[in-house]
$ cat model31.tsv   # TSV, C-alpha atoms and all ligand atoms
chain	number	residue	atom	x	y	z
A	271	MET	CA	3.15	-11.98	-34.90
A	272	LYS	CA	3.98	-12.50	-31.22
A	273	LYS	CA	5.46	-8.99	-31.13
A	274	ILE	CA	2.26	-7.46	-32.61
A	275	PHE	CA	0.13	-9.32	-30.07
A	276	LEU	CA	2.31	-8.12	-27.19
A	277	THR	CA	2.19	-4.54	-28.49
A	278	ILE	CA	-1.64	-4.65	-28.66
A	279	LEU	CA	-1.77	-6.19	-25.17
A	280	ALA	CA	0.50	-3.48	-23.78
A	281	GLY	CA	-1.72	-0.83	-25.37
A	282	VAL	CA	-4.88	-2.30	-23.83
A	283	PHE	CA	-3.20	-2.39	-20.45
A	284	ALA	CA	-1.99	1.20	-20.77
A	285	LEU	CA	-5.54	2.34	-21.49
A	286	THR	CA	-6.77	0.87	-18.24
A	287	SER	CA	-4.03	2.38	-16.12
A	288	CYS	CA	-4.12	5.57	-14.08
A	289	ASN	CA	-2.21	7.73	-16.47
A	290	ALA	CA	-4.33	6.78	-19.43
A	291	GLN	CA	-6.95	9.12	-20.81
A	292	ASN	CA	-10.50	8.07	-20.06
A	293	LYS	CA	-13.56	8.75	-22.24
A	294	ASN	CA	-13.74	12.35	-21.03
A	295	GLU	CA	-10.12	12.89	-21.99
A	296	GLN	CA	-9.26	13.39	-18.33
A	297	MET	CA	-6.31	11.87	-16.60
A	298	LYS	CA	-6.83	9.81	-13.47
A	299	LYS	CA	-4.04	10.44	-11.03
A	300	CYS	CA	-3.00	7.64	-8.71
A	301	LEU	CA	-1.19	7.60	-5.41
A	302	VAL	CA	0.01	4.64	-3.39
A	303	VAL	CA	0.13	5.20	0.37
A	304	PHE	CA	1.91	2.49	2.32
A	305	PHE	CA	3.78	1.43	5.43
A	306	SER	CA	6.34	-1.36	5.33
A	307	HIS	CA	8.86	-2.65	7.85
A	308	ALA	CA	12.34	-3.63	6.63
A	309	GLY	CA	14.32	-5.87	9.00
A	310	ASP	CA	13.76	-9.15	10.77
A	311	ASN	CA	10.44	-10.74	9.89
A	312	TYR	CA	8.52	-14.00	9.80
A	313	SER	CA	9.26	-16.37	6.91
A	314	VAL	CA	11.56	-14.00	4.97
A	315	GLY	CA	14.34	-13.40	7.55
A	316	ASN	CA	16.21	-10.11	7.76
A	317	ILE	CA	15.07	-8.17	4.69
A	318	GLN	CA	16.52	-4.90	3.39
A	319	VAL	CA	13.28	-3.83	1.68
A	320	GLY	CA	9.91	-4.58	3.27
A	321	ASN	CA	7.43	-6.87	1.52
A	322	THR	CA	4.69	-4.24	1.22
A	323	LYS	CA	7.13	-1.69	-0.20
A	324	ILE	CA	7.91	-4.12	-3.01
A	325	VAL	CA	4.19	-4.37	-3.85
A	326	ALA	CA	3.81	-0.58	-3.59
A	327	ASP	CA	6.69	-0.16	-6.03
A	328	TYR	CA	5.06	-2.63	-8.45
A	329	ILE	CA	1.83	-0.60	-8.27
A	330	SER	CA	3.71	2.62	-8.92
A	331	GLU	CA	5.53	1.09	-11.87
A	332	LEU	CA	2.33	-0.40	-13.35
A	333	THR	CA	0.06	2.61	-12.90
A	334	GLY	CA	2.38	5.61	-12.73
A	335	ALA	CA	1.22	6.23	-9.16
A	336	ASP	CA	3.20	8.57	-6.96
A	337	ARG	CA	4.23	7.13	-3.58
A	338	PHE	CA	3.50	8.31	-0.05
A	339	GLU	CA	5.48	6.19	2.41
A	340	ILE	CA	4.48	6.27	6.07
A	341	VAL	CA	7.88	6.26	7.75
A	342	THR	CA	8.61	5.56	11.39
A	343	HIS	CA	11.95	4.61	12.91
A	344	LYS	CA	10.27	3.22	16.02
A	345	TYR	CA	10.81	-0.41	15.01
A	346	ASP	CA	14.28	-0.08	13.46
A	347	GLY	CA	16.59	-2.98	14.25
A	348	MET	CA	14.04	-4.95	16.27
A	349	ALA	CA	13.98	-8.74	16.17
A	350	TYR	CA	10.72	-10.34	15.05
A	351	LYS	CA	9.49	-11.57	18.46
A	352	PRO	CA	9.96	-8.31	20.44
A	353	LEU	CA	8.40	-6.45	17.51
A	354	CYS	CA	5.35	-8.73	17.70
A	355	ASP	CA	5.04	-8.03	21.43
A	356	LEU	CA	5.37	-4.28	20.94
A	357	ALA	CA	2.86	-4.26	18.08
A	358	GLN	CA	0.37	-6.17	20.21
A	359	GLU	CA	0.81	-3.73	23.12
A	360	GLU	CA	0.25	-0.84	20.72
A	361	GLN	CA	-2.92	-2.44	19.42
A	362	TYR	CA	-4.30	-3.05	22.93
A	363	ALA	CA	-3.51	0.58	23.80
A	364	ASP	CA	-4.97	1.84	20.47
A	365	ALA	CA	-1.71	3.75	20.14
A	366	ARG	CA	-0.94	6.34	17.47
A	367	PRO	CA	2.81	6.15	16.78
A	368	ALA	CA	4.26	9.20	15.01
A	369	PHE	CA	5.36	9.05	11.40
A	370	GLU	CA	6.94	11.20	8.72
A	371	PRO	CA	5.74	11.26	5.12
A	372	LEU	CA	8.21	10.34	2.39
A	373	ILE	CA	6.67	11.33	-0.92
A	374	THR	CA	8.18	10.41	-4.27
A	375	SER	CA	6.92	10.56	-7.82
A	376	SER	CA	6.68	7.36	-9.86
A	377	ASN	CA	10.14	8.07	-11.29
A	378	GLY	CA	11.61	8.32	-7.81
A	379	GLU	CA	11.97	12.09	-7.50
A	380	ALA	CA	11.28	13.61	-4.10
A	381	VAL	CA	7.99	15.54	-3.88
A	382	LYS	CA	7.64	18.30	-1.31
A	383	PRO	CA	4.06	19.61	-1.30
A	384	ALA	CA	3.54	23.06	0.24
A	385	ASN	CA	0.56	21.71	2.16
A	386	ILE	CA	0.22	17.95	2.62
A	387	LYS	CA	-3.47	18.14	3.57
A	388	ASP	CA	-4.25	19.70	0.15
A	389	PHE	CA	-1.88	17.29	-1.56
A	390	PHE	CA	-4.39	14.40	-1.56
A	391	ALA	CA	-6.95	16.50	-3.45
A	392	GLY	CA	-4.83	16.01	-6.58
A	393	TYR	CA	-5.48	12.24	-6.69
A	394	ASP	CA	-8.54	10.39	-8.00
A	395	VAL	CA	-7.39	6.93	-6.96
A	396	ILE	CA	-5.48	6.04	-3.82
A	397	PHE	CA	-4.04	2.61	-3.10
A	398	ILE	CA	-3.48	1.98	0.61
A	399	GLY	CA	-1.23	-0.86	1.69
A	400	GLY	CA	0.50	-2.30	4.69
A	401	PRO	CA	1.47	-5.52	6.41
A	402	VAL	CA	-1.16	-7.25	8.51
A	403	TRP	CA	-0.10	-6.91	12.16
A	404	TRP	CA	-2.25	-8.79	14.61
A	405	GLY	CA	-5.11	-9.05	12.16
A	406	THR	CA	-5.23	-5.46	10.92
A	407	TRP	CA	-3.10	-2.48	9.88
A	408	PRO	CA	-0.13	-1.52	12.07
A	409	GLN	CA	-1.16	1.23	14.49
A	410	VAL	CA	1.01	3.80	12.70
A	411	MET	CA	-1.37	3.51	9.75
A	412	PHE	CA	-4.23	4.51	12.04
A	413	THR	CA	-2.19	7.63	12.84
A	414	PHE	CA	-2.21	8.34	9.11
A	415	PHE	CA	-5.98	7.71	8.91
A	416	ASP	CA	-6.56	10.13	11.79
A	417	THR	CA	-4.32	12.76	10.21
A	418	TYR	CA	-5.55	12.83	6.62
A	419	ASP	CA	-9.17	12.84	5.53
A	420	LEU	CA	-9.60	10.60	2.48
A	421	ASN	CA	-13.40	10.55	2.56
A	422	GLY	CA	-14.81	10.94	-0.94
A	423	LYS	CA	-11.85	9.14	-2.55
A	424	ASN	CA	-11.66	5.82	-4.40
A	425	LEU	CA	-9.53	3.68	-2.10
A	426	TYR	CA	-7.94	0.37	-3.09
A	427	PRO	CA	-6.63	-1.49	-0.02
A	428	PHE	CA	-3.87	-4.08	-0.25
A	429	THR	CA	-1.91	-6.07	2.30
A	430	THR	CA	0.98	-8.43	2.58
A	431	HIS	CA	0.63	-11.08	5.27
A	432	GLU	CA	1.56	-14.60	6.31
A	433	GLY	CA	-1.87	-16.20	6.55
A	434	SER	CA	-4.46	-13.56	7.49
A	435	GLY	CA	-5.07	-12.30	3.96
A	436	LEU	CA	-6.77	-8.94	4.32
A	437	GLY	CA	-7.73	-9.66	7.94
A	438	ASN	CA	-9.82	-6.74	9.23
A	439	CYS	CA	-8.00	-4.21	7.06
A	440	VAL	CA	-10.85	-3.49	4.64
A	441	SER	CA	-13.48	-3.10	7.34
A	442	ASP	CA	-11.13	-0.96	9.46
A	443	LEU	CA	-10.42	1.26	6.46
A	444	ARG	CA	-14.19	1.65	5.89
A	445	LYS	CA	-14.57	2.64	9.56
A	446	ALA	CA	-11.76	5.20	9.21
A	447	TYR	CA	-13.27	6.68	6.03
A	448	PRO	CA	-17.03	6.00	6.04
A	449	ASN	CA	-17.60	8.29	3.05
A	450	ALA	CA	-14.85	6.90	0.84
A	451	ASP	CA	-15.49	4.31	-1.84
A	452	VAL	CA	-13.38	1.51	-0.36
A	453	LYS	CA	-12.99	-1.16	-3.02
A	454	LYS	CA	-12.43	-4.88	-2.67
A	455	GLY	CA	-8.93	-5.46	-1.34
A	456	PHE	CA	-5.95	-7.40	-2.64
A	457	SER	CA	-3.52	-9.43	-0.55
A	458	LEU	CA	-0.35	-11.35	-1.16
A	459	TYR	CA	1.82	-13.52	1.08
A	460	GLY	CA	4.90	-11.56	2.14
A	461	HIS	CA	7.21	-14.41	1.19
A	462	GLU	CA	5.69	-14.44	-2.32
A	463	VAL	CA	6.10	-10.79	-3.29
A	464	ARG	CA	9.56	-11.07	-4.81
A	465	SER	CA	8.58	-13.88	-7.18
A	466	ASN	CA	4.93	-13.02	-7.84
A	467	LYS	CA	4.77	-9.64	-9.54
A	468	ALA	CA	2.33	-11.23	-12.02
A	469	LYS	CA	-0.31	-11.49	-9.27
A	470	VAL	CA	-0.11	-7.74	-8.72
A	471	GLU	CA	-0.31	-7.16	-12.48
A	472	ASN	CA	-3.42	-9.33	-12.73
A	473	TRP	CA	-5.08	-7.44	-9.90
A	474	ILE	CA	-4.29	-4.04	-11.44
A	475	LYS	CA	-5.49	-5.16	-14.87
A	476	GLY	CA	-8.89	-6.08	-13.41
A	477	LEU	CA	-9.47	-2.65	-11.84
A	478	GLU	CA	-11.51	0.15	-13.37
A	479	LEU	CA	-8.95	2.88	-13.00
B	501	LIG	C1	4.40	-7.41	14.44
B	501	LIG	C2	3.93	-8.35	13.39
B	501	LIG	C3	2.65	-8.87	13.44
B	501	LIG	C4	2.19	-9.69	12.41
B	501	LIG	N1	0.91	-10.16	12.46
B	501	LIG	C5	0.44	-10.90	11.42
B	501	LIG	C6	-0.91	-11.34	11.41
B	501	LIG	O1	-1.72	-11.08	12.32
B	501	LIG	N2	-1.33	-12.07	10.34
B	501	LIG	C7	-0.49	-12.39	9.30
B	501	LIG	O2	-0.93	-13.05	8.37
B	501	LIG	N3	0.79	-11.97	9.29
B	501	LIG	C8	1.28	-11.23	10.31
B	501	LIG	N4	2.56	-10.78	10.29
B	501	LIG	C9	3.39	-11.04	9.09
B	501	LIG	C10	3.41	-9.81	8.16
B	501	LIG	O3	2.10	-9.38	7.87
B	501	LIG	C11	4.11	-10.13	6.83
B	501	LIG	O4	5.39	-10.62	7.07
B	501	LIG	C12	4.17	-8.91	5.92
B	501	LIG	O5	4.46	-9.33	4.61
B	501	LIG	C13	5.23	-7.93	6.35
B	501	LIG	O6	5.24	-6.85	5.45
B	501	LIG	P1	6.36	-5.72	5.49
B	501	LIG	O7	7.67	-6.40	5.17
B	501	LIG	O8	5.96	-4.77	4.41
B	501	LIG	O9	6.35	-5.08	6.83
B	501	LIG	C14	3.06	-10.01	11.32
B	501	LIG	C15	4.36	-9.52	11.31
B	501	LIG	C16	4.79	-8.69	12.32
B	501	LIG	C17	6.20	-8.14	12.27
$ encode --input "model31.tsv" --output "structure tokens"
Amino acid sequence: MKKIFLTILAGVFALTSCNAQNKNEQMKKCLVVFFSHAGDNYSVGNIQVGNTKIVADYISELTGADRFEIVTHKYDGMAYKPLCDLAQEEQYADARPAFEPLITSSNGEAVKPANIKDFFAGYDVIFIGGPVWWGTWPQVMFTFFDTYDLNGKNLYPFTTHEGSGLGNCVSDLRKAYPNADVKKGFSLYGHEVRSNKAKVENWIKGLEL
């Protein structure tokens, strides 16, 4: 009986996810764009995989979303305090640190689009996530926003943080893409991500994907 119930539940969930067929028999394609910093950090110590990356991977697993990681090596090996100082300087200067895209499909295979600007056209739903740094997205994410036009898309912001929640991330995303449909955001404490996958599942289940 329990098995039947779980099977039905799994089916209902699959129908609400990105790869499910909607009423028009069309597939909604999802992408998760994120930045995440592995290394020394507040509350979690020296981590091998960043908190936001863990959430991005949950989203990919739950929805079949491909992944676009915003990669910069600018902060590699930095201790938490100097990183905070640098991030604050970058915010004051409204800096645009360089990044490289690392694109992978939901099953982990590398994706190399011929033209990255056209690449986003293939997605109906885009999750955008990052850590909160000084109350908003890290500046490298603003470099991404300046580089790629996601106006017209359905955008689902998410953050990991240690007290700020979404901070100014949702309003800053709306400013970056005034013609996108920026949905209500989701946030999770960084130190909770490893033990709270269920919170991400509950969020995803409640979305109209
Ligand atoms: C430079 C820096 C600035 C931060 N600023 C904030 C902040 O303003 N508010 C907050 O709640 N957490 C802040 N944090 C904590 C991070 O948002 C949190 O640890 C997050 O989960 C890190 O995600 P990541 O591992 O994916 O980079 C900051 C961390 C760093 C390194």
$ residues_near_ligand --input "model31.tsv" --ligand "ligand LIG 501 (chain B)" --cutoff "8 Å" --atoms "only C-alpha atoms and all ligand atoms" --output "ChimeraX atom specification"
/A:305-314,317,319-324,350-351,353-358,400-406,408,429-435,437,458-461
$ residues_around --input "model31.tsv" --residues "Ser441 in chain A" --least-positions-apart "5" --cutoff "10 Å" --atoms "only C-alpha atoms" --output "compact mmCIF listing (two decimals) with C-alpha atoms, in the frame of the given file"
# COMPACT_ATOMS: atom_id res chain seq x y z
CA THR A 406 -5.23 -5.46 10.92
CA LEU A 436 -6.77 -8.94 4.32
CA ALA A 446 -11.76 5.20 9.21
CA TYR A 447 -13.27 6.68 6.03
CA PRO A 448 -17.03 6.00 6.04
CA VAL A 452 -13.38 1.51 -0.36
$ closest_residue --input "model31.tsv" --among "A:Ala349, A:Val303, A:Arg337, A:Gly378" --to "Leu425 in chain A" --atoms "only C-alpha atoms"
A:Val303
$ residues_around --input "model31.tsv" --residues "Gly399 in chain A" --least-positions-apart "5" --cutoff "6 Å" --atoms "only C-alpha atoms" --output "number ranges by chain"
A: 304, 427-429
$ atom_distance --input "model31.tsv" --atom1 "CA of Arg366 in chain A" --atom2 "CA of Arg444 in chain A"
18.2 Å
$ build_atoms --input "model31.tsv" --residues "range 349-381 of chain A" --atoms "N, CA and C atoms" --output "mmCIF file, keeping the file's coordinate frame"
data_model
loop_
_atom_site.group_PDB
_atom_site.id
_atom_site.type_symbol
_atom_site.label_atom_id
_atom_site.label_comp_id
_atom_site.auth_asym_id
_atom_site.auth_seq_id
_atom_site.Cartn_x
_atom_site.Cartn_y
_atom_site.Cartn_z
ATOM 1 N N ALA A 349 14.176 -7.345 16.571
ATOM 2 C CA ALA A 349 13.980 -8.740 16.170
ATOM 3 C C ALA A 349 12.481 -9.012 16.067
ATOM 4 N N TYR A 350 12.135 -10.059 15.354
ATOM 5 C CA TYR A 350 10.720 -10.340 15.050
ATOM 6 C C TYR A 350 9.856 -10.482 16.314
ATOM 7 N N LYS A 351 10.334 -11.270 17.294
ATOM 8 C CA LYS A 351 9.490 -11.570 18.460
ATOM 9 C C LYS A 351 9.209 -10.313 19.302
ATOM 10 N N PRO A 352 10.251 -9.546 19.697
ATOM 11 C CA PRO A 352 9.960 -8.310 20.440
ATOM 12 C C PRO A 352 9.073 -7.344 19.647
ATOM 13 N N LEU A 353 9.249 -7.330 18.329
ATOM 14 C CA LEU A 353 8.400 -6.450 17.510
ATOM 15 C C LEU A 353 6.941 -6.887 17.598
ATOM 16 N N CYS A 354 6.725 -8.221 17.566
ATOM 17 C CA CYS A 354 5.350 -8.730 17.700
ATOM 18 C C CYS A 354 4.751 -8.295 19.033
ATOM 19 N N ASP A 355 5.544 -8.406 20.102
ATOM 20 C CA ASP A 355 5.040 -8.030 21.430
ATOM 21 C C ASP A 355 4.698 -6.537 21.481
ATOM 22 N N LEU A 356 5.601 -5.722 20.933
ATOM 23 C CA LEU A 356 5.370 -4.280 20.940
ATOM 24 C C LEU A 356 4.124 -3.922 20.123
ATOM 25 N N ALA A 357 4.011 -4.554 18.951
ATOM 26 C CA ALA A 357 2.860 -4.260 18.080
ATOM 27 C C ALA A 357 1.555 -4.652 18.771
ATOM 28 N N GLN A 358 1.595 -5.746 19.517
ATOM 29 C CA GLN A 358 0.370 -6.170 20.210
ATOM 30 C C GLN A 358 0.015 -5.182 21.336
ATOM 31 N N GLU A 359 1.054 -4.753 22.074
ATOM 32 C CA GLU A 359 0.810 -3.730 23.120
ATOM 33 C C GLU A 359 0.205 -2.473 22.513
ATOM 34 N N GLU A 360 0.764 -2.056 21.367
ATOM 35 C CA GLU A 360 0.250 -0.840 20.720
ATOM 36 C C GLU A 360 -1.208 -1.007 20.301
ATOM 37 N N GLN A 361 -1.529 -2.219 19.837
ATOM 38 C CA GLN A 361 -2.920 -2.440 19.420
ATOM 39 C C GLN A 361 -3.865 -2.415 20.617
ATOM 40 N N TYR A 362 -3.458 -3.071 21.723
ATOM 41 C CA TYR A 362 -4.300 -3.050 22.930
ATOM 42 C C TYR A 362 -4.521 -1.610 23.411
ATOM 43 N N ALA A 363 -3.441 -0.804 23.306
ATOM 44 C CA ALA A 363 -3.510 0.580 23.800
ATOM 45 C C ALA A 363 -4.141 1.522 22.781
ATOM 46 N N ASP A 364 -4.477 1.012 21.586
ATOM 47 C CA ASP A 364 -4.970 1.840 20.470
ATOM 48 C C ASP A 364 -4.026 3.037 20.255
ATOM 49 N N ALA A 365 -2.740 2.711 20.222
ATOM 50 C CA ALA A 365 -1.710 3.750 20.140
ATOM 51 C C ALA A 365 -1.702 4.427 18.764
ATOM 52 N N ARG A 366 -1.092 5.596 18.725
ATOM 53 C CA ARG A 366 -0.940 6.340 17.470
ATOM 54 C C ARG A 366 0.529 6.753 17.322
ATOM 55 N N PRO A 367 1.390 5.808 16.947
ATOM 56 C CA PRO A 367 2.810 6.150 16.780
ATOM 57 C C PRO A 367 2.999 7.235 15.724
ATOM 58 N N ALA A 368 4.009 8.098 15.954
ATOM 59 C CA ALA A 368 4.260 9.200 15.010
ATOM 60 C C ALA A 368 4.903 8.678 13.736
ATOM 61 N N PHE A 369 4.701 9.410 12.662
ATOM 62 C CA PHE A 369 5.360 9.050 11.400
ATOM 63 C C PHE A 369 5.741 10.314 10.647
ATOM 64 N N GLU A 370 6.610 10.112 9.655
ATOM 65 C CA GLU A 370 6.940 11.200 8.720
ATOM 66 C C GLU A 370 6.551 10.735 7.319
ATOM 67 N N PRO A 371 6.036 11.640 6.499
ATOM 68 C CA PRO A 371 5.740 11.260 5.120
ATOM 69 C C PRO A 371 6.999 11.282 4.258
ATOM 70 N N LEU A 372 7.147 10.307 3.399
ATOM 71 C CA LEU A 372 8.210 10.340 2.390
ATOM 72 C C LEU A 372 7.504 10.202 1.042
ATOM 73 N N ILE A 373 7.447 11.320 0.319
ATOM 74 C CA ILE A 373 6.670 11.330 -0.920
ATOM 75 C C ILE A 373 7.612 11.364 -2.117
ATOM 76 N N THR A 374 7.364 10.445 -3.042
ATOM 77 C CA THR A 374 8.180 10.410 -4.270
ATOM 78 C C THR A 374 7.264 10.212 -5.474
ATOM 79 N N SER A 375 7.686 10.772 -6.587
ATOM 80 C CA SER A 375 6.920 10.560 -7.820
ATOM 81 C C SER A 375 7.222 9.151 -8.329
ATOM 82 N N SER A 376 6.486 8.726 -9.351
ATOM 83 C CA SER A 376 6.680 7.360 -9.860
ATOM 84 C C SER A 376 8.095 7.161 -10.400
ATOM 85 N N ASN A 377 8.748 8.247 -10.809
ATOM 86 C CA ASN A 377 10.140 8.070 -11.290
ATOM 87 C C ASN A 377 11.167 8.277 -10.186
ATOM 88 N N GLY A 378 10.685 8.347 -8.948
ATOM 89 C CA GLY A 378 11.610 8.320 -7.810
ATOM 90 C C GLY A 378 12.036 9.689 -7.301
ATOM 91 N N GLU A 379 11.569 10.756 -7.958
ATOM 92 C CA GLU A 379 11.970 12.090 -7.500
ATOM 93 C C GLU A 379 11.221 12.484 -6.238
ATOM 94 N N ALA A 380 11.916 13.170 -5.338
ATOM 95 C CA ALA A 380 11.280 13.610 -4.100
ATOM 96 C C ALA A 380 10.210 14.659 -4.409
ATOM 97 N N VAL A 381 9.075 14.568 -3.719
ATOM 98 C CA VAL A 381 7.990 15.540 -3.880
ATOM 99 C C VAL A 381 7.806 16.228 -2.540
#
